[in-house]
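Student: One structure, as structure tokens, below. Some questions next.
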Amino acid sequence: MLAKVRSGAVYGVDAYPVEIEVNAGHGEPKVIIVGLPDAAVKESSDRVWTALINSGFAPPMGRTTVNLAPADVKKEGPSFDLPIALGMLAATDVLDSGKLDRFCVVGELALSGEVRKVKGILPIALSARAEKCAGILVPEENAEEAAVVAGLEVFAVNNLRQAADFLSDKLVVNPYRIDIHSVFDQSGVYEEDYTDIKGQGFARRAMEVAVAGGHNILLVGPPGTGKTMLAKRVPSILPPMLLDEALETTKIHSIAGTLSSHQALVARRPFRSPHHTISDAGLLGGGSHPVPGEVSLSHHGVLFLDELPEFHRNVLEVLRQPLEDGVVTISRAAASVTFPCQFMLVAAMNPCPCGYFGDTKRECRCTPVQIQRYRNKISGPLLDRIDIHVEVPSVRYQELAGLEKGESSESVRARVIKARHLQQSRFKGSARVHCNANMRARDVHKHCRLTPDAEAVLKMAITDLNFSARAYDRILKVSRTIADLEGSENIAQAHVSEAIQYRSLDRQYWV
């Protein structure tokens, strides 16, 4: 007898429907899986066979053929175990296929028949809703993740027997429900706060400007000045995630397998801090079957690169295209996959190998050649793509020992949200531009109107400091953000002067 089961598989960040056909025939007891299965899918025959026996079912006694359609797309992973097992039960008349046809089924089977967690549940659930499935059967650990998809009934199952009894109407399983608002409320509490930071008023202000406009920022200073501390508190002043942003980010983390058990959404903006030994494939994504890298896992959040010159130069250079386009495309012989990666880059570095060049308290031990070689690890084109460069000097004892607390993250965040709302109104209707940092050349020309005094200051600075054309655009974008923080429609002289300060490292360190 022939039975059909609906399932799904992931390609890139989206999923596509997979129809699993199971035919139980005569002949030698054997399971044949066709439809371009990978090794994990081929091995499912042994897992499914043993799980059926340990769940109290009789497996098919003849030749069983399993087809995964469409047959021209490679199928990966163990998520087809549960639908194949239920298809075998339906093909041998143990299970009524009438109810089974209405559901999408996903899950890995243990040899005991237990249903285990799988990757990519959220995109598969979205695909099932698009295919107008009545519901989706998922492992219990994935239930919260699937339940965020509105308009789709989610049924969590613990084992193969429970799934079979539910589809045979022998057992009642209530649809899983989740309160999205409570998920966002719980994610709004941060342990790190800007009140923890002593001194560094200039760096704190630069960080506020960077977050308000979505600008990339580079922190330069000796060891122990608080660069990492500043960076780790960036998420606490970022605007809260919108539902669409959370869904996009969760899809990426679901595919990568970084979601914890019973996690519904990535409702807090991600903060990723890869080690400097990471490869370009680890940063961008890749592999024979491409998976998201750190830049995509930072989507709608922050990518923090500490000790920037210690990263391999080829790894840093591959960042140039994702920083410009907000997407990364991984091409292989068989296919090409595109992952989104709209992130804010926060980088930190020492001014020299020993870290104390220019420090007023400790003497630098590096030779000029060592210093130049160290700085040359960061190319000019990459530096141009970082809007703000700020020095983070050593903190004085009076500031460290003082009892006075700095401004809290909550108050800074309120100003950031207000500035972001202005930008959202300004770029309403634009599919790509969401904040000032994303502005294209024509957007800069349209929205960055300078007063005569501001234009004179900018002209003088560009002429004297010999900034590149890209640096000129960055100064205008940062000036627009500073004006937004003050609620000013036009860009004044003070706004441009402050923005120019955030490019001074071009002249001091890289010329």
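In the structure tokens, chains take letters A, B, ... by order of appearance, with residues numbered from 1 within each chain and ligands from 1 in the order shown.
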What are the closest atom pairs, with distances in Å to one decimal, for each residue of range 155-245 of chain A lying within 10 Å of range 382-386 of chain A, using only C-alpha atoms, rows by chain and rising residue number, as a Markdown table?
Tutor:
| residue | atom | partner | partner_atom | distance |
| --- | --- | --- | --- | --- |
| A:His215 | CA | A:Ile386 | CA | 7.4 |
| A:Asn216 | CA | A:Ile386 | CA | 4.9 |
| A:Ile217 | CA | A:Ile386 | CA | 5.7 |
| A:Leu218 | CA | A:Ile386 | CA | 6.8 |
Student: I need the strand (DSSP E or B) residues of range 113-362 of chain A per DSSP on the backbone, written as a VMD selection string.
Tutor: chain A and resid 114 to 116 135 to 139 153 to 157 159 217 to 220 271 to 272 285 to 286 291 to 292 302 to 305 327 to 331 336 to 340 344 to 349
Student: Hey, what's within 12 Å of Pro353 in chain A if we count only C-alpha atoms and toss same-chain stuff fewer than 6 positions away? As a PDB file with all heavy atoms, in the first residue's frame, please?
Tutor:
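Wrote result_23.pdb, looks like this:
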ATOM      1  N   GLY A 221      42.558  51.800  22.113  1.00  0.00           N
ATOM      2  CA  GLY A 221      43.098  52.243  23.390  1.00  0.00           C
ATOM      3  C   GLY A 221      43.932  51.172  24.053  1.00  0.00           C
ATOM      4  O   GLY A 221      43.921  50.006  23.643  1.00  0.00           O
ATOM      5  N   PRO A 222      44.675  51.527  25.100  1.00  0.00           N
ATOM      6  CA  PRO A 222      45.521  50.562  25.812  1.00  0.00           C
ATOM      7  C   PRO A 222      44.681  49.479  26.487  1.00  0.00           C
ATOM      8  O   PRO A 222      43.456  49.630  26.655  1.00  0.00           O
ATOM      9  CB  PRO A 222      46.238  51.429  26.858  1.00  0.00           C
ATOM     10  CG  PRO A 222      46.083  52.840  26.386  1.00  0.00           C
ATOM     11  CD  PRO A 222      44.797  52.892  25.637  1.00  0.00           C
ATOM     12  N   PRO A 223      45.308  48.400  26.905  1.00  0.00           N
ATOM     13  CA  PRO A 223      44.574  47.346  27.628  1.00  0.00           C
ATOM     14  C   PRO A 223      43.986  47.880  28.930  1.00  0.00           C
ATOM     15  O   PRO A 223      44.587  48.721  29.604  1.00  0.00           O
ATOM     16  CB  PRO A 223      45.647  46.292  27.889  1.00  0.00           C
ATOM     17  CG  PRO A 223      46.740  46.572  26.913  1.00  0.00           C
ATOM     18  CD  PRO A 223      46.716  48.041  26.681  1.00  0.00           C
ATOM     19  N   GLU A 307      40.349  42.700  19.724  1.00  0.00           N
ATOM     20  CA  GLU A 307      41.720  42.546  19.209  1.00  0.00           C
ATOM     21  C   GLU A 307      41.686  42.421  17.688  1.00  0.00           C
ATOM     22  O   GLU A 307      42.164  41.446  17.099  1.00  0.00           O
ATOM     23  CB  GLU A 307      42.404  41.331  19.841  1.00  0.00           C
ATOM     24  CG  GLU A 307      42.433  41.340  21.355  1.00  0.00           C
ATOM     25  CD  GLU A 307      43.257  42.488  21.938  1.00  0.00           C
ATOM     26  OE1 GLU A 307      44.041  43.102  21.192  1.00  0.00           O
ATOM     27  OE2 GLU A 307      43.093  42.781  23.136  1.00  0.00           O
ATOM     28  N   LEU A 308      41.153  43.420  17.036  1.00  0.00           N
ATOM     29  CA  LEU A 308      40.903  43.378  15.590  1.00  0.00           C
ATOM     30  C   LEU A 308      42.134  43.008  14.760  1.00  0.00           C
ATOM     31  O   LEU A 308      42.027  42.172  13.853  1.00  0.00           O
ATOM     32  CB  LEU A 308      40.332  44.730  15.142  1.00  0.00           C
ATOM     33  CG  LEU A 308      39.826  44.817  13.703  1.00  0.00           C
ATOM     34  CD1 LEU A 308      38.631  43.907  13.483  1.00  0.00           C
ATOM     35  CD2 LEU A 308      39.454  46.260  13.349  1.00  0.00           C
ATOM     36  N   PRO A 309      43.319  43.576  15.010  1.00  0.00           N
ATOM     37  CA  PRO A 309      44.473  43.211  14.162  1.00  0.00           C
ATOM     38  C   PRO A 309      44.929  41.769  14.316  1.00  0.00           C
ATOM     39  O   PRO A 309      45.707  41.283  13.491  1.00  0.00           O
ATOM     40  CB  PRO A 309      45.575  44.181  14.630  1.00  0.00           C
ATOM     41  CG  PRO A 309      44.853  45.309  15.302  1.00  0.00           C
ATOM     42  CD  PRO A 309      43.658  44.675  15.936  1.00  0.00           C
ATOM     43  N   GLU A 310      44.471  41.078  15.367  1.00  0.00           N
ATOM     44  CA  GLU A 310      44.872  39.693  15.558  1.00  0.00           C
ATOM     45  C   GLU A 310      44.107  38.738  14.641  1.00  0.00           C
ATOM     46  O   GLU A 310      44.506  37.587  14.471  1.00  0.00           O
ATOM     47  CB  GLU A 310      44.666  39.268  17.021  1.00  0.00           C
ATOM     48  CG  GLU A 310      45.465  40.080  18.026  1.00  0.00           C
ATOM     49  CD  GLU A 310      46.964  39.982  17.800  1.00  0.00           C
ATOM     50  OE1 GLU A 310      47.423  38.942  17.295  1.00  0.00           O
ATOM     51  OE2 GLU A 310      47.671  40.961  18.104  1.00  0.00           O
ATOM     52  N   CYS A 364      55.741  52.815  25.572  1.00  0.00           N
ATOM     53  CA  CYS A 364      55.588  51.815  24.506  1.00  0.00           C
ATOM     54  C   CYS A 364      56.945  51.178  24.214  1.00  0.00           C
ATOM     55  O   CYS A 364      57.968  51.864  24.091  1.00  0.00           O
ATOM     56  CB  CYS A 364      55.022  52.484  23.250  1.00  0.00           C
ATOM     57  SG  CYS A 364      54.922  51.372  21.819  1.00  0.00           S
ATOM     58  N   ARG A 365      56.971  49.847  24.080  1.00  0.00           N
ATOM     59  CA  ARG A 365      58.202  49.102  23.829  1.00  0.00           C
ATOM     60  C   ARG A 365      58.347  48.684  22.366  1.00  0.00           C
ATOM     61  O   ARG A 365      59.285  47.972  22.014  1.00  0.00           O
ATOM     62  CB  ARG A 365      58.241  47.846  24.708  1.00  0.00           C
ATOM     63  CG  ARG A 365      58.113  48.098  26.191  1.00  0.00           C
ATOM     64  CD  ARG A 365      58.318  46.825  26.992  1.00  0.00           C
ATOM     65  NE  ARG A 365      57.419  45.757  26.550  1.00  0.00           N
ATOM     66  CZ  ARG A 365      56.204  45.562  27.038  1.00  0.00           C
ATOM     67  NH1 ARG A 365      55.732  46.387  27.983  1.00  0.00           N
ATOM     68  NH2 ARG A 365      55.451  44.577  26.612  1.00  0.00           N
ATOM     69  N   CYS A 366      57.413  49.088  21.530  1.00  0.00           N
ATOM     70  CA  CYS A 366      57.402  48.635  20.141  1.00  0.00           C
ATOM     71  C   CYS A 366      58.245  49.544  19.253  1.00  0.00           C
ATOM     72  O   CYS A 366      58.311  50.758  19.461  1.00  0.00           O
ATOM     73  CB  CYS A 366      55.974  48.602  19.602  1.00  0.00           C
ATOM     74  SG  CYS A 366      54.834  47.638  20.612  1.00  0.00           S
ATOM     75  N   THR A 367      58.865  48.953  18.244  1.00  0.00           N
ATOM     76  CA  THR A 367      59.609  49.727  17.261  1.00  0.00           C
ATOM     77  C   THR A 367      58.639  50.304  16.231  1.00  0.00           C
ATOM     78  O   THR A 367      57.526  49.795  16.073  1.00  0.00           O
ATOM     79  CB  THR A 367      60.634  48.844  16.539  1.00  0.00           C
ATOM     80  OG1 THR A 367      59.939  47.856  15.760  1.00  0.00           O
ATOM     81  CG2 THR A 367      61.563  48.168  17.536  1.00  0.00           C
ATOM     82  N   PRO A 368      59.053  51.360  15.523  1.00  0.00           N
ATOM     83  CA  PRO A 368      58.168  51.921  14.486  1.00  0.00           C
ATOM     84  C   PRO A 368      57.752  50.894  13.438  1.00  0.00           C
ATOM     85  O   PRO A 368      56.611  50.918  12.974  1.00  0.00           O
ATOM     86  CB  PRO A 368      59.027  53.033  13.874  1.00  0.00           C
ATOM     87  CG  PRO A 368      59.946  53.449  14.970  1.00  0.00           C
ATOM     88  CD  PRO A 368      60.260  52.191  15.729  1.00  0.00           C
ATOM     89  N   VAL A 369      58.662  49.991  13.076  1.00  0.00           N
ATOM     90  CA  VAL A 369      58.325  48.962  12.078  1.00  0.00           C
ATOM     91  C   VAL A 369      57.257  48.022  12.623  1.00  0.00           C
ATOM     92  O   VAL A 369      56.301  47.648  11.913  1.00  0.00           O
ATOM     93  CB  VAL A 369      59.590  48.173  11.674  1.00  0.00           C
ATOM     94  CG1 VAL A 369      59.213  47.008  10.758  1.00  0.00           C
ATOM     95  CG2 VAL A 369      60.588  49.091  10.987  1.00  0.00           C
ATOM     96  N   GLN A 370      57.374  47.622  13.881  1.00  0.00           N
ATOM     97  CA  GLN A 370      56.365  46.746  14.495  1.00  0.00           C
ATOM     98  C   GLN A 370      55.012  47.434  14.561  1.00  0.00           C
ATOM     99  O   GLN A 370      53.979  46.806  14.284  1.00  0.00           O
ATOM    100  CB  GLN A 370      56.823  46.349  15.902  1.00  0.00           C
ATOM    101  CG  GLN A 370      57.993  45.388  15.946  1.00  0.00           C
ATOM    102  CD  GLN A 370      58.455  45.132  17.376  1.00  0.00           C
ATOM    103  OE1 GLN A 370      58.454  46.036  18.221  1.00  0.00           O
ATOM    104  NE2 GLN A 370      58.865  43.902  17.651  1.00  0.00           N
ATOM    105  N   ILE A 371      55.017  48.701  14.913  1.00  0.00           N
ATOM    106  CA  ILE A 371      53.760  49.445  15.007  1.00  0.00           C
ATOM    107  C   ILE A 371      53.101  49.546  13.637  1.00  0.00           C
ATOM    108  O   ILE A 371      51.890  49.310  13.491  1.00  0.00           O
ATOM    109  CB  ILE A 371      54.003  50.846  15.606  1.00  0.00           C
ATOM    110  CG1 ILE A 371      54.501  50.729  17.049  1.00  0.00           C
ATOM    111  CG2 ILE A 371      52.725  51.681  15.550  1.00  0.00           C
ATOM    112  CD1 ILE A 371      54.930  52.051  17.649  1.00  0.00           C
ATOM    113  N   GLN A 372      53.891  49.860  12.609  1.00  0.00           N
ATOM    114  CA  GLN A 372      53.327  50.005  11.274  1.00  0.00           C
ATOM    115  C   GLN A 372      52.803  48.678  10.746  1.00  0.00           C
ATOM    116  O   GLN A 372      51.737  48.616  10.130  1.00  0.00           O
ATOM    117  CB  GLN A 372      54.400  50.562  10.322  1.00  0.00           C
ATOM    118  CG  GLN A 372      53.846  51.055   8.982  1.00  0.00           C
ATOM    119  CD  GLN A 372      52.858  52.193   9.170  1.00  0.00           C
ATOM    120  OE1 GLN A 372      53.095  53.081   9.979  1.00  0.00           O
ATOM    121  NE2 GLN A 372      51.744  52.150   8.455  1.00  0.00           N
ATOM    122  N   ARG A 373      53.568  47.603  10.996  1.00  0.00           N
ATOM    123  CA  ARG A 373      53.109  46.283  10.553  1.00  0.00           C
ATOM    124  C   ARG A 373      51.814  45.891  11.258  1.00  0.00           C
ATOM    125  O   ARG A 373      50.917  45.307  10.649  1.00  0.00           O
ATOM    126  CB  ARG A 373      54.202  45.245  10.824  1.00  0.00           C
ATOM    127  CG  ARG A 373      53.878  43.870  10.233  1.00  0.00           C
ATOM    128  CD  ARG A 373      54.934  42.845  10.589  1.00  0.00           C
ATOM    129  NE  ARG A 373      56.240  43.221  10.054  1.00  0.00           N
ATOM    130  CZ  ARG A 373      57.318  43.423  10.787  1.00  0.00           C
ATOM    131  NH1 ARG A 373      57.256  43.298  12.110  1.00  0.00           N
ATOM    132  NH2 ARG A 373      58.462  43.747  10.243  1.00  0.00           N
ATOM    133  N   TYR A 374      51.702  46.221  12.519  1.00  0.00           N
ATOM    134  CA  TYR A 374      50.499  45.908  13.302  1.00  0.00           C
ATOM    135  C   TYR A 374      49.282  46.650  12.745  1.00  0.00           C
ATOM    136  O   TYR A 374      48.216  46.073  12.560  1.00  0.00           O
ATOM    137  CB  TYR A 374      50.755  46.297  14.755  1.00  0.00           C
ATOM    138  CG  TYR A 374      49.631  46.014  15.722  1.00  0.00           C
ATOM    139  CD1 TYR A 374      49.403  44.725  16.182  1.00  0.00           C
ATOM    140  CD2 TYR A 374      48.822  47.047  16.196  1.00  0.00           C
ATOM    141  CE1 TYR A 374      48.386  44.463  17.088  1.00  0.00           C
ATOM    142  CE2 TYR A 374      47.809  46.798  17.100  1.00  0.00           C
ATOM    143  CZ  TYR A 374      47.594  45.502  17.546  1.00  0.00           C
ATOM    144  OH  TYR A 374      46.577  45.255  18.434  1.00  0.00           O
ATOM    145  N   ARG A 375      49.466  47.933  12.444  1.00  0.00           N
ATOM    146  CA  ARG A 375      48.338  48.724  11.951  1.00  0.00           C
ATOM    147  C   ARG A 375      47.966  48.371  10.522  1.00  0.00           C
ATOM    148  O   ARG A 375      46.803  48.473  10.128  1.00  0.00           O
ATOM    149  CB  ARG A 375      48.671  50.205  12.042  1.00  0.00           C
ATOM    150  CG  ARG A 375      48.863  50.690  13.459  1.00  0.00           C
ATOM    151  CD  ARG A 375      49.466  52.075  13.483  1.00  0.00           C
ATOM    152  NE  ARG A 375      49.751  52.506  14.846  1.00  0.00           N
ATOM    153  CZ  ARG A 375      50.495  53.558  15.138  1.00  0.00           C
ATOM    154  NH1 ARG A 375      51.031  54.287  14.172  1.00  0.00           N
ATOM    155  NH2 ARG A 375      50.709  53.890  16.397  1.00  0.00           N
ATOM    156  N   ASN A 376      48.935  47.930   9.747  1.00  0.00           N
ATOM    157  CA  ASN A 376      48.661  47.588   8.356  1.00  0.00           C
ATOM    158  C   ASN A 376      47.818  46.327   8.202  1.00  0.00           C
ATOM    159  O   ASN A 376      47.371  46.022   7.093  1.00  0.00           O
ATOM    160  CB  ASN A 376      49.973  47.419   7.581  1.00  0.00           C
ATOM    161  CG  ASN A 376      50.636  48.748   7.282  1.00  0.00           C
ATOM    162  OD1 ASN A 376      50.013  49.800   7.380  1.00  0.00           O
ATOM    163  ND2 ASN A 376      51.917  48.699   6.936  1.00  0.00           N
ATOM    164  N   LYS A 377      47.620  45.597   9.290  1.00  0.00           N
ATOM    165  CA  LYS A 377      46.733  44.431   9.220  1.00  0.00           C
ATOM    166  C   LYS A 377      45.289  44.839   8.936  1.00  0.00           C
ATOM    167  O   LYS A 377      44.476  44.027   8.502  1.00  0.00           O
ATOM    168  CB  LYS A 377      46.800  43.634  10.531  1.00  0.00           C
ATOM    169  CG  LYS A 377      48.136  42.948  10.771  1.00  0.00           C
ATOM    170  CD  LYS A 377      48.116  42.149  12.060  1.00  0.00           C
ATOM    171  CE  LYS A 377      49.439  41.456  12.313  1.00  0.00           C
ATOM    172  NZ  LYS A 377      49.415  40.661  13.581  1.00  0.00           N
TER     173      LYS A 377
END
Student: Would you mind listing what lies within 8 Å of range 54-69 of chain A as JSON, numbers by chain, with only C-alpha atoms counted and same-chain residues fewer than 3 positions away left out?
Tutor: {"A": [18, 19, 20, 21, 22, 23, 24, 25, 26, 27, 28, 29, 30, 31, 32, 33, 34, 35, 36, 37, 49, 50, 51, 72, 75, 84, 88, 89, 92, 111, 112, 113, 160, 161]}
Student: Pull the alpha helix (DSSP H) assignments for range 330-391 of chain A out of DSSP run on the backbone, and list those residues as a PyMOL selection string.
Tutor: chain A and resi 368-375+380-384
Student: Env of Leu86 in chain A: 10 Å cut, atoms = only C-alpha atoms, seq-sep filter 5 positions within chain, self excluded. Answer as a list of chain:residue names.
Tutor: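 Residues near the query, excluding close chain neighbours: A:Ala3, A:Lys4, A:Val5, A:Val22, A:Val48, A:Leu52, A:Asp81, A:Ala91, A:Thr92, A:Val94, A:Leu95, A:Asp96, A:Ser97, A:Leu100, A:Val105, A:Leu160, A:Arg161, A:Ala163, A:Ala164, A:Leu167.
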Student: For the residues in that selection, give me all heavy atoms as a compact mmCIF listing (two decimals), in the first residue's frame.
Tutor:
# COMPACT_ATOMS: atom_id res chain seq x y z
N ALA A 3 1.44 5.25 0.98
CA ALA A 3 1.04 6.31 1.91
C ALA A 3 1.89 7.54 1.65
O ALA A 3 3.04 7.44 1.22
CB ALA A 3 1.19 5.85 3.35
N LYS A 4 1.31 8.72 1.91
CA LYS A 4 2.02 9.98 1.72
C LYS A 4 2.00 10.79 3.01
O LYS A 4 0.96 10.86 3.68
CB LYS A 4 1.39 10.79 0.58
CG LYS A 4 1.48 10.11 -0.78
CD LYS A 4 0.86 10.99 -1.86
CE LYS A 4 0.96 10.31 -3.23
NZ LYS A 4 0.38 11.14 -4.31
N VAL A 5 3.13 11.41 3.32
CA VAL A 5 3.25 12.23 4.52
C VAL A 5 3.89 13.55 4.10
O VAL A 5 4.83 13.59 3.31
CB VAL A 5 4.14 11.55 5.59
CG1 VAL A 5 4.13 12.37 6.88
CG2 VAL A 5 3.68 10.13 5.84
N VAL A 22 5.69 6.52 0.91
CA VAL A 22 6.13 5.23 1.46
C VAL A 22 5.30 4.13 0.83
O VAL A 22 4.06 4.15 0.93
CB VAL A 22 5.99 5.20 3.00
CG1 VAL A 22 6.49 3.86 3.53
CG2 VAL A 22 6.77 6.33 3.63
N VAL A 48 14.48 4.17 12.19
CA VAL A 48 13.02 4.03 12.12
C VAL A 48 12.61 2.59 12.39
O VAL A 48 11.65 2.32 13.15
CB VAL A 48 12.52 4.50 10.75
CG1 VAL A 48 11.06 4.10 10.54
CG2 VAL A 48 12.67 6.01 10.61
N LEU A 52 10.27 1.58 15.57
CA LEU A 52 8.96 0.95 15.41
C LEU A 52 8.82 -0.27 16.31
O LEU A 52 7.80 -0.46 17.00
CB LEU A 52 8.74 0.55 13.94
CG LEU A 52 8.44 1.68 12.95
CD1 LEU A 52 8.50 1.17 11.52
CD2 LEU A 52 7.06 2.28 13.22
N ASP A 81 12.86 11.32 10.14
CA ASP A 81 12.64 10.03 10.82
C ASP A 81 11.17 9.82 11.18
O ASP A 81 10.57 8.78 10.85
CB ASP A 81 13.48 9.96 12.10
CG ASP A 81 14.97 9.83 11.82
OD1 ASP A 81 15.34 9.82 10.63
OD2 ASP A 81 15.75 9.74 12.79
N ALA A 91 1.23 2.91 5.56
CA ALA A 91 1.35 2.01 4.41
C ALA A 91 0.98 0.57 4.77
O ALA A 91 0.58 -0.21 3.90
CB ALA A 91 2.76 2.06 3.85
N THR A 92 1.11 0.22 6.05
CA THR A 92 0.76 -1.14 6.50
C THR A 92 -0.60 -1.18 7.20
O THR A 92 -0.90 -2.12 7.93
CB THR A 92 1.85 -1.66 7.45
OG1 THR A 92 2.05 -0.72 8.51
CG2 THR A 92 3.17 -1.87 6.71
N VAL A 94 -1.75 0.24 9.73
CA VAL A 94 -1.79 0.40 11.19
C VAL A 94 -2.35 1.77 11.54
O VAL A 94 -3.00 1.96 12.58
CB VAL A 94 -0.38 0.22 11.79
CG1 VAL A 94 -0.39 0.47 13.29
CG2 VAL A 94 0.16 -1.17 11.48
N LEU A 95 -2.16 2.73 10.67
CA LEU A 95 -2.56 4.12 10.90
C LEU A 95 -3.43 4.59 9.75
O LEU A 95 -3.15 4.30 8.59
CB LEU A 95 -1.31 4.99 11.00
CG LEU A 95 -1.47 6.47 11.35
CD1 LEU A 95 -1.99 6.61 12.78
CD2 LEU A 95 -0.13 7.18 11.23
N ASP A 96 -4.51 5.29 10.07
CA ASP A 96 -5.38 5.84 9.04
C ASP A 96 -4.69 7.06 8.42
O ASP A 96 -4.34 8.01 9.10
CB ASP A 96 -6.72 6.26 9.67
CG ASP A 96 -7.70 6.78 8.62
OD1 ASP A 96 -7.40 6.66 7.41
OD2 ASP A 96 -8.75 7.32 9.01
N SER A 97 -4.52 6.99 7.10
CA SER A 97 -3.80 8.08 6.42
C SER A 97 -4.66 9.31 6.19
O SER A 97 -4.16 10.35 5.76
CB SER A 97 -3.26 7.58 5.07
OG SER A 97 -4.34 7.17 4.23
N LEU A 100 -3.53 11.92 8.66
CA LEU A 100 -2.11 12.16 8.46
C LEU A 100 -1.86 13.11 7.30
O LEU A 100 -0.93 13.92 7.34
CB LEU A 100 -1.39 10.82 8.22
CG LEU A 100 0.12 10.84 8.00
CD1 LEU A 100 0.82 11.43 9.21
CD2 LEU A 100 0.63 9.44 7.72
N VAL A 105 4.82 16.93 9.34
CA VAL A 105 5.44 16.16 10.42
C VAL A 105 6.96 16.32 10.32
O VAL A 105 7.55 16.16 9.25
CB VAL A 105 5.07 14.67 10.34
CG1 VAL A 105 5.65 13.92 11.54
CG2 VAL A 105 3.56 14.49 10.29
N LEU A 160 7.05 8.20 19.33
CA LEU A 160 6.35 7.70 18.14
C LEU A 160 4.97 7.16 18.50
O LEU A 160 4.00 7.39 17.77
CB LEU A 160 7.20 6.61 17.48
CG LEU A 160 6.59 5.89 16.28
CD1 LEU A 160 6.24 6.87 15.18
CD2 LEU A 160 7.57 4.81 15.77
N ARG A 161 4.86 6.47 19.61
CA ARG A 161 3.56 5.93 20.02
C ARG A 161 2.54 7.04 20.24
O ARG A 161 1.40 6.94 19.81
CB ARG A 161 3.74 5.09 21.29
CG ARG A 161 2.45 4.67 21.98
CD ARG A 161 1.57 3.79 21.11
NE ARG A 161 2.13 2.47 20.94
CZ ARG A 161 1.50 1.48 20.30
NH1 ARG A 161 0.30 1.69 19.76
NH2 ARG A 161 2.08 0.30 20.15
N ALA A 163 2.52 10.03 18.86
CA ALA A 163 2.17 10.61 17.56
C ALA A 163 1.18 9.73 16.82
O ALA A 163 0.20 10.22 16.23
CB ALA A 163 3.43 10.81 16.73
N ALA A 164 1.41 8.40 16.85
CA ALA A 164 0.51 7.48 16.16
C ALA A 164 -0.87 7.46 16.81
O ALA A 164 -1.90 7.47 16.11
CB ALA A 164 1.11 6.08 16.15
N LEU A 167 -2.82 10.64 15.82
CA LEU A 167 -3.33 10.60 14.45
C LEU A 167 -4.41 9.54 14.27
O LEU A 167 -5.19 9.60 13.31
CB LEU A 167 -2.18 10.35 13.48
CG LEU A 167 -1.14 11.48 13.40
CD1 LEU A 167 0.07 11.04 12.59
CD2 LEU A 167 -1.76 12.72 12.78
Student: Quick one: residues within 9 Å of Ala231 in chain A, only C-alpha atoms counted, chain neighbours fewer than 5 positions away excluded, as a tab-separated table (two decimals) with all heavy atoms, in the first residue's frame?
Tutor:
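around32.tsv, freshly written:
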chain	number	residue	atom	x	y	z
A	207	MET	N	29.53	55.87	21.43
A	207	MET	CA	28.75	54.63	21.35
A	207	MET	C	27.27	54.94	21.19
A	207	MET	O	26.55	54.26	20.43
A	207	MET	CB	29.00	53.78	22.59
A	207	MET	CG	28.58	52.34	22.43
A	207	MET	SD	29.58	51.44	21.23
A	207	MET	CE	31.04	51.11	22.19
A	219	LEU	N	36.97	51.01	18.55
A	219	LEU	CA	37.51	51.53	19.80
A	219	LEU	C	39.00	51.23	19.86
A	219	LEU	O	39.42	50.08	19.72
A	219	LEU	CB	36.81	50.87	20.99
A	219	LEU	CG	35.27	50.97	21.02
A	219	LEU	CD1	34.71	50.11	22.16
A	219	LEU	CD2	34.82	52.40	21.17
A	226	GLY	N	38.52	49.64	29.24
A	226	GLY	CA	37.07	49.46	29.20
A	226	GLY	C	36.48	49.29	27.82
A	226	GLY	O	35.26	49.44	27.64
A	302	VAL	N	24.67	42.75	17.10
A	302	VAL	CA	26.02	43.30	17.18
A	302	VAL	C	27.03	42.19	16.93
A	302	VAL	O	26.94	41.10	17.50
A	302	VAL	CB	26.28	43.93	18.57
A	302	VAL	CG1	27.71	44.43	18.68
A	302	VAL	CG2	25.30	45.06	18.84
A	304	PHE	N	30.93	41.75	17.56
A	304	PHE	CA	32.05	42.37	18.28
A	304	PHE	C	33.33	41.62	17.95
A	304	PHE	O	33.44	40.41	18.19
A	304	PHE	CB	31.79	42.33	19.79
A	304	PHE	CG	32.92	42.86	20.61
A	304	PHE	CD1	33.55	44.06	20.29
A	304	PHE	CD2	33.37	42.16	21.73
A	304	PHE	CE1	34.60	44.55	21.05
A	304	PHE	CE2	34.41	42.64	22.50
A	304	PHE	CZ	35.03	43.83	22.16
A	346	VAL	N	31.13	46.33	16.00
A	346	VAL	CA	31.88	46.99	17.07
A	346	VAL	C	33.22	46.29	17.16
A	346	VAL	O	33.28	45.08	17.39
A	346	VAL	CB	31.14	46.91	18.42
A	346	VAL	CG1	31.97	47.59	19.51
A	346	VAL	CG2	29.77	47.55	18.33
A	347	ALA	N	34.29	47.03	16.93
A	347	ALA	CA	35.63	46.45	16.95
A	347	ALA	C	36.48	47.17	17.99
A	347	ALA	O	36.26	48.34	18.29
A	347	ALA	CB	36.28	46.56	15.57
A	348	ALA	N	37.44	46.46	18.53
A	348	ALA	CA	38.35	47.03	19.54
A	348	ALA	C	39.77	46.59	19.22
A	348	ALA	O	39.99	45.48	18.73
A	348	ALA	CB	37.96	46.58	20.94
Student: I'd like the interatomic distance between CA of Ser79 in chain A and CA of Val149 in chain A, to a tenth of an Å.
Tutor: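 Taking CA of Ser79 in chain A and CA of Val149 in chain A, their separation equals 19.1 Å.
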Student: Applying 10 Å and only C-alpha atoms, which residues near Thr249 in chain A remain after dropping the ones on its own chain fewer than 2 positions away? List them as a ChimeraX atom specification.
Tutor: /A:13,241,243-247,251-254,265-270,296-301,340-341
Student: Just the number, please: distance in Å from CA of Val106 in chain A to CA of Pro290 in chain A, one decimal.
Tutor: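 CA of Val106 in chain A sits 21.1 Å away from CA of Pro290 in chain A.
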Student: Which is closest to Phe271 in chain A among A:Ala143, A:Val73, A:Ala212, A:Leu238, if we use only C-alpha atoms?
Tutor: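 Distance minimum relative to Phe271 in chain A lands on A:Leu238.
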